[in-house]
Amino acid sequence: MQILQQSLRTTAATLTLLAAVCAQAADLAQFAAPGAPTPEEVRAVAPALEHYTRNALMGDLWQRPQLSKRDRSIVTLAALIACNQQAEMAYHLDLALNNGVKPGEISELITHLAFYSGWGNAMAAVAIASDVFERHGVKAEQLPQAEVEPLPLDEEAEARRETLVRENFGETAPVVVQFTTDTLFHDLWLRPGLAPRDRSLVTVSALIASGQVAQIPFHLNKAMDSGLTQTQASEVLTHLAFYAGWPNVFSALPVAKDVFAKRVAD
Amino acid sequence: MQILQQSLRTTAATLTLLAAVCAQAADLAQFAAPGAPTPEEVRAVAPALEHYTRNALMGDLWQRPQLSKRDRSIVTLAALIACNQQAEMAYHLDLALNNGVKPGEISELITHLAFYSGWGNAMAAVAIASDVFERHGVKAEQLPQAEVEPLPLDEEAEARRETLVRENFGETAPVVVQFTTDTLFHDLWLRPGLAPRDRSLVTVSALIASGQVAQIPFHLNKAMDSGLTQTQASEVLTHLAFYAGWPNVFSALPVAKDVFAKRVAD
Amino acid sequence: MQILQQSLRTTAATLTLLAAVCAQAADLAQFAAPGAPTPEEVRAVAPALEHYTRNALMGDLWQRPQLSKRDRSIVTLAALIACNQQAEMAYHLDLALNNGVKPGEISELITHLAFYSGWGNAMAAVAIASDVFERHGVKAEQLPQAEVEPLPLDEEAEARRETLVRENFGETAPVVVQFTTDTLFHDLWLRPGLAPRDRSLVTVSALIASGQVAQIPFHLNKAMDSGLTQTQASEVLTHLAFYAGWPNVFSALPVAKDVFAKRVAD
């Protein structure tokens with residue numbers, strides 16, 4: 001009888017332990033993004049897609065020296081987050097860390113995209129990055145704090161931008177104009193955790209990936225003013241053809257062509 | 001021997017019970033949306049984003065009196081559903097109910113967006129709202145039925161709209177034109193569970209959030225004809241800058257400016 | 001004592017087995033798409049939406065003879081994948097197989113959309129299709145292999161396309177132009193597993209569903225050159241009004257009208 005009680009207690013303990021395991025599993029699953037399929041799974045559905053991934057994408061595109069793997073990872077993450085494509089997000093966060101993108105840069109990239117692709121997309125990325133950071137043992141002190149010493153403001157360029165926007169939309173949406181100045185250009189853009197050139201790279205990639213053609217001229221020029229070369233910009237388009245789809249890139253091409261031409265003419 | 005059998009039976013029962021628990025856990029996880037990250041999780045990935053969320057978003061934007069919290073919840077839900085941003089959807093459905101949006105209004109909002117942002121987006125929202133409604137103890141009798149007494153039709157305005165659309169596209173896509181009249185303007189838009197002004201608020205928010213600039217003039221005018229003031233419309237743009245991202249709002253600004261100007265001139 | 005040990009071993013074995021079950025459940029949940037709500041769930045949130053789904057959508061739209069159910073399934077899948085709308089994806093993959101779309105055609109459709117709507121969307125679709133194919137017992141030999149005998153190239157049409165694109169964008173993004181020729185038009189488009197007319201149907205549907213108006217003329221003409229009739233093209237617009245939302249279709253209507261008019265004039 002004592003043995004039976006012992007056995008029942010053991011079983012009860014097992015029950016409690018396993019319920020906890022199950023709860024945690026369900027919890028993890030709830031917060032986890034739907035995962036990227038393995039190469040075997042891709043092959044089991046679309047052998048040609050697995051072939052293109054291995055050859056055109058990984059074997060060719062990612063090896064092209066016109067853009068570093070680090071920059072390609074930044075462009076890829078910006079596109080995935082801006083389009084809320086969660087399936088490959090954990091995979092590309094891992095790859096970005098391995099390609100030399102710093103945790104603090106990923107932190108700033110996500111924060112930047114809250115403003116440039118909507119709060120909901122940034123929060124979805126946080127939920128996934130949270131797991132990836134934990135897995136990589138990222139510590140709080142590796143991340144830029146909320147309050148930081150801002151980079152110096154380019155007063156002249158900012159005055160031009162502010163005047164243009166205020167003259168255009170100051171009456172239509174004065175508070176949008178105010179937030180744009182105070183929160184974006186006098187605050188977010190001056191955070192040193194992501195270099196201005198990289199912040200522009202994120203912005204331009206997000207604009208192309210989400211089909212937002214109208215703002216490309218301003219931000220592509222800003223990116224090139226901050227050091228992005230035309231060869232790199234062109235390669236960003238090439239990279240995004242695969243990650244944002246051919247149509248988005250073909251819609252961006254006439255705009256990029258125009259920006260490149262005007263910079264030569266100046 | 002008997003004790004062993006007893007023990008085995010107990011273990012077998014545990015097995016069965018736990019298998020059921022696990023199955024249910026997996027099932028719940030499968031149907032649940034990936035959840036919104038907690039403030040702690042946001043801070044662990046992006047301290048600056050948590051800071052902006054607490055200050056610029058919750059402390060400033062949501063407190064601005066130019067648009068009620070109830071209206072802000074409607075605008076936010078419309079943007080999240082139109083962009084299929086599921087991470088924060090349960091959170092914002094909760095918040096909407098707390099801000100005074102009625103369950104029946106959420107029900108109509110989701111149905112409306114099936115037509116204005118695609119069936120798949122509405123169905124994804126249903127899966128999440130289903131849990132939220134259950135948690136809030138929403139009863140069937142609180143929701144508008146499928147068949148309802150329609151609001152009166154503004155015959156004159158509808159005749160103008162119908163003529164314009166038929167003359168433009170009656171030959172290109174006669175059945176689209178027919179469904180637009182029968183199912184949308186003579187049925188969906190006349191459902192009383194969501195006031196015409198709120199239905200327009202949902203439509204305009206969805207158009208801005210998904211970058212559909214071309215239909216903004218018609219629907220922004222319709223919204224303002226139904227009682228949305230210019231101050232409120234401008235504040236919708238401000239609110240959506242955060243939830244749909246700055247680029248979508250900057251693409252909508254010239255169109256809104258034009259609508260505002262023409263209404264003053266009239 | 002021996003019995004106790006036996007009992008503990010049994011419990012330990014149970015623990016191991018259940019841990020495996022739980023791990024698999026979590027794993028499945030992680031890779032599964034959030035599921036489509038059942039009719040009961042839809043009714044519990046939005047009785048009107050369930051009503052429209054049963055009547056306007058399933059009872060009317062899907063029964064219209066102007067486009068076969070097989071073609072409607074192709075159009076629907078293209079829209080869902082291009083917009084990354086995962087909630088109803090498993091449901092529509094099932095329906096497509098039941099409507100006569102072959103597993104090999106689905107395989108090619110997903111691969112095609114990697115290029116026309118971004119790699120991340122195709123990979124999300126693979127993760128879902130993988131389960132559906134397994135459930136339907138789809139075998140590897142039913143799928144087109146990675147390397148296949150290509151269809152003959154229409155040299156003249158391809159020369160015209162290539163010259164136009166190279167003259168426009170050969171300097172802006174030479175590598176995009178090169179990949180477009182080599183990987184898309186000399187390779188992907190020539191894969192025989194999806195008939196050229198169906199490949200165009202997928203492309204046009206994806207363009208409309210993602211609001212990519214600029215490339216519709218080229219691809220709608222190509223679709224009609226490959227056998228899509230104007231009646232079918234018009235019905236594709238009708239079908240997509242429901243699945244991609246009214247605004248995307250109304251943005252495509254002037255473009256389609258223009259394409260139809262020019263083909264009559266020629």
# chains A, B, ... in the order shown; residues from 1 in each chain; ligands from 1
call {"tool": "residues_around", "arguments": {"residues": "Ala124 of chain B", "least_positions_apart": "3", "cutoff": "8 Å", "atoms": "only C-alpha atoms", "output": "NGL selection string"}}
result
(:B and (84 or 86 or 120-121 or 127-128)) or (:C and (34 or 36-37 or 85-88))
call {"tool": "calpha_fit_rmsd", "arguments": {"fixed": "chain A", "moving": "chain B"}}
result
0.5 Å
call {"tool": "closest_residue", "arguments": {"among": "A:Ala244, A:Ala44, A:Ala56, A:Leu143", "to": "Ala82 of chain C", "atoms": "only C-alpha atoms"}}
result
A:Ala244
call {"tool": "closest_residue", "arguments": {"among": "B:Ala256, B:Val138, B:Ala157, B:Ala223", "to": "chain C", "atoms": "only C-alpha atoms"}}
result
B:Val138
call {"tool": "residues_around", "arguments": {"residues": "segment 188-201 of chain B", "least_positions_apart": "2", "cutoff": "6 Å", "atoms": "only C-alpha atoms", "output": "PyMOL selection string"}}
result
chain B and resi 105+150-151+184-185+203-204+223+226
call {"tool": "select_by_dssp", "arguments": {"residues": "segment 26-197 of chain C", "states": "alpha helix (DSSP H)", "output": "VMD selection string"}}
result
chain C and resid 26 to 31 39 to 45 47 to 52 69 to 82 89 to 98 103 to 117 119 to 135 155 to 169 174 to 179 196 to 197
call {"tool": "atom_distance", "arguments": {"atom1": "atom CA of His136 of chain C", "atom2": "atom CA of Leu97 of chain C"}}
result
8.7 Å
call {"tool": "closest_residue", "arguments": {"among": "C:Trp119, C:Tyr52, C:Trp62, C:Phe218", "to": "chain B", "atoms": "only C-alpha atoms"}}
result
C:Tyr52
call {"tool": "closest_atom_pairs", "arguments": {"of": "segment 130-236 of chain B", "to": "segment 163-178 of chain A", "cutoff": "9 Å", "atoms": "only C-alpha atoms", "output": "CSV"}}
result
residue,atom,partner,partner_atom,distance
B:Gln230,CA,A:Thr172,CA,8.7
B:Thr231,CA,A:Ala173,CA,8.7
B:Ala233,CA,A:Ala173,CA,8.9
B:Ser234,CA,A:Ala173,CA,5.2
B:Glu235,CA,A:Ala173,CA,7.3
call {"tool": "atom_distance", "arguments": {"atom1": "atom CA of Leu240 of chain A", "atom2": "atom CA of Leu237 of chain B"}}
result
28.9 Å
call {"tool": "residues_around", "arguments": {"residues": "Ile74 of chain C", "least_positions_apart": "3", "cutoff": "10 Å", "atoms": "only C-alpha atoms", "output": "PyMOL selection string"}}
result
chain C and resi 68-71+77-79+92-93+96+99+101+105-106+109+198-199+201-202+205
call {"tool": "closest_residue", "arguments": {"among": "C:Asp182, C:Asp154, C:Asp60, C:Glu40", "to": "chain A", "atoms": "only C-alpha atoms"}}
result
C:Asp182
call {"tool": "residues_around", "arguments": {"residues": "Arg43 of chain A", "least_positions_apart": "2", "cutoff": "10 Å", "atoms": "only C-alpha atoms", "output": "VMD selection string"}}
result
(chain A and resid 37 to 41 45 to 51) or (chain C and resid 107 126 130 140 143 145 to 146)
call {"tool": "atom_distance", "arguments": {"atom1": "atom CA of Asp266 of chain A", "atom2": "atom CA of Leu220 of chain A"}}
result
15.3 Å
call {"tool": "closest_residue", "arguments": {"among": "B:Asn55, B:Ala122, B:Ser117, B:Phe133", "to": "chain A", "atoms": "only C-alpha atoms"}}
result
B:Asn55
call {"tool": "residues_around", "arguments": {"residues": "Thr181 of chain C", "least_positions_apart": "5", "cutoff": "9 Å", "atoms": "only C-alpha atoms", "output": "MDAnalysis selection string"}}
result
chainID C and resid 158 162 176 186:187
call {"tool": "write_last_selection", "arguments": {"atoms": "all heavy atoms", "output": "PDB file, in the first residue's frame"}}
result
ATOM      1  N   GLU C 158      11.175  37.568 -76.418  1.00  0.00           N
ATOM      2  CA  GLU C 158      12.183  37.709 -75.371  1.00  0.00           C
ATOM      3  C   GLU C 158      13.226  38.765 -75.764  1.00  0.00           C
ATOM      4  O   GLU C 158      13.664  39.552 -74.920  1.00  0.00           O
ATOM      5  CB  GLU C 158      12.841  36.355 -75.090  1.00  0.00           C
ATOM      6  CG  GLU C 158      14.057  36.372 -74.200  1.00  0.00           C
ATOM      7  CD  GLU C 158      13.863  37.003 -72.816  1.00  0.00           C
ATOM      8  OE1 GLU C 158      12.706  37.276 -72.418  1.00  0.00           O
ATOM      9  OE2 GLU C 158      14.876  37.256 -72.147  1.00  0.00           O
ATOM     10  N   GLU C 162      13.974  41.949 -73.503  1.00  0.00           N
ATOM     11  CA  GLU C 162      15.325  42.111 -72.963  1.00  0.00           C
ATOM     12  C   GLU C 162      15.901  43.459 -73.393  1.00  0.00           C
ATOM     13  O   GLU C 162      16.514  44.167 -72.585  1.00  0.00           O
ATOM     14  CB  GLU C 162      16.202  40.942 -73.443  1.00  0.00           C
ATOM     15  CG  GLU C 162      17.460  40.715 -72.628  1.00  0.00           C
ATOM     16  CD  GLU C 162      18.615  41.577 -73.109  1.00  0.00           C
ATOM     17  OE1 GLU C 162      18.614  41.997 -74.290  1.00  0.00           O
ATOM     18  OE2 GLU C 162      19.519  41.852 -72.285  1.00  0.00           O
ATOM     19  N   VAL C 176      20.542  43.266 -61.838  1.00  0.00           N
ATOM     20  CA  VAL C 176      19.105  42.969 -61.824  1.00  0.00           C
ATOM     21  C   VAL C 176      18.685  42.552 -63.236  1.00  0.00           C
ATOM     22  O   VAL C 176      17.983  41.544 -63.423  1.00  0.00           O
ATOM     23  CB  VAL C 176      18.269  44.193 -61.372  1.00  0.00           C
ATOM     24  CG1 VAL C 176      16.778  43.930 -61.549  1.00  0.00           C
ATOM     25  CG2 VAL C 176      18.574  44.561 -59.920  1.00  0.00           C
ATOM     26  N   HIS C 186      14.883  33.052 -69.005  1.00  0.00           N
ATOM     27  CA  HIS C 186      15.511  31.912 -69.684  1.00  0.00           C
ATOM     28  C   HIS C 186      15.479  30.646 -68.830  1.00  0.00           C
ATOM     29  O   HIS C 186      16.079  29.636 -69.206  1.00  0.00           O
ATOM     30  CB  HIS C 186      16.965  32.239 -70.049  1.00  0.00           C
ATOM     31  CG  HIS C 186      17.083  33.187 -71.189  1.00  0.00           C
ATOM     32  ND1 HIS C 186      18.093  33.123 -72.124  1.00  0.00           N
ATOM     33  CD2 HIS C 186      16.304  34.231 -71.565  1.00  0.00           C
ATOM     34  CE1 HIS C 186      17.934  34.099 -73.009  1.00  0.00           C
ATOM     35  NE2 HIS C 186      16.857  34.784 -72.690  1.00  0.00           N
ATOM     36  N   ASP C 187      14.868  30.701 -67.669  1.00  0.00           N
ATOM     37  CA  ASP C 187      14.915  29.531 -66.781  1.00  0.00           C
ATOM     38  C   ASP C 187      13.540  29.329 -66.124  1.00  0.00           C
ATOM     39  O   ASP C 187      12.742  28.496 -66.571  1.00  0.00           O
ATOM     40  CB  ASP C 187      16.032  29.750 -65.749  1.00  0.00           C
ATOM     41  CG  ASP C 187      16.247  28.578 -64.814  1.00  0.00           C
ATOM     42  OD1 ASP C 187      15.394  27.678 -64.764  1.00  0.00           O
ATOM     43  OD2 ASP C 187      17.282  28.559 -64.106  1.00  0.00           O
TER      44      ASP C 187
END
call {"tool": "closest_residue", "arguments": {"among": "C:Trp246, C:Phe260, C:Tyr116, C:Tyr91", "to": "chain A", "atoms": "only C-alpha atoms"}}
result
C:Tyr116
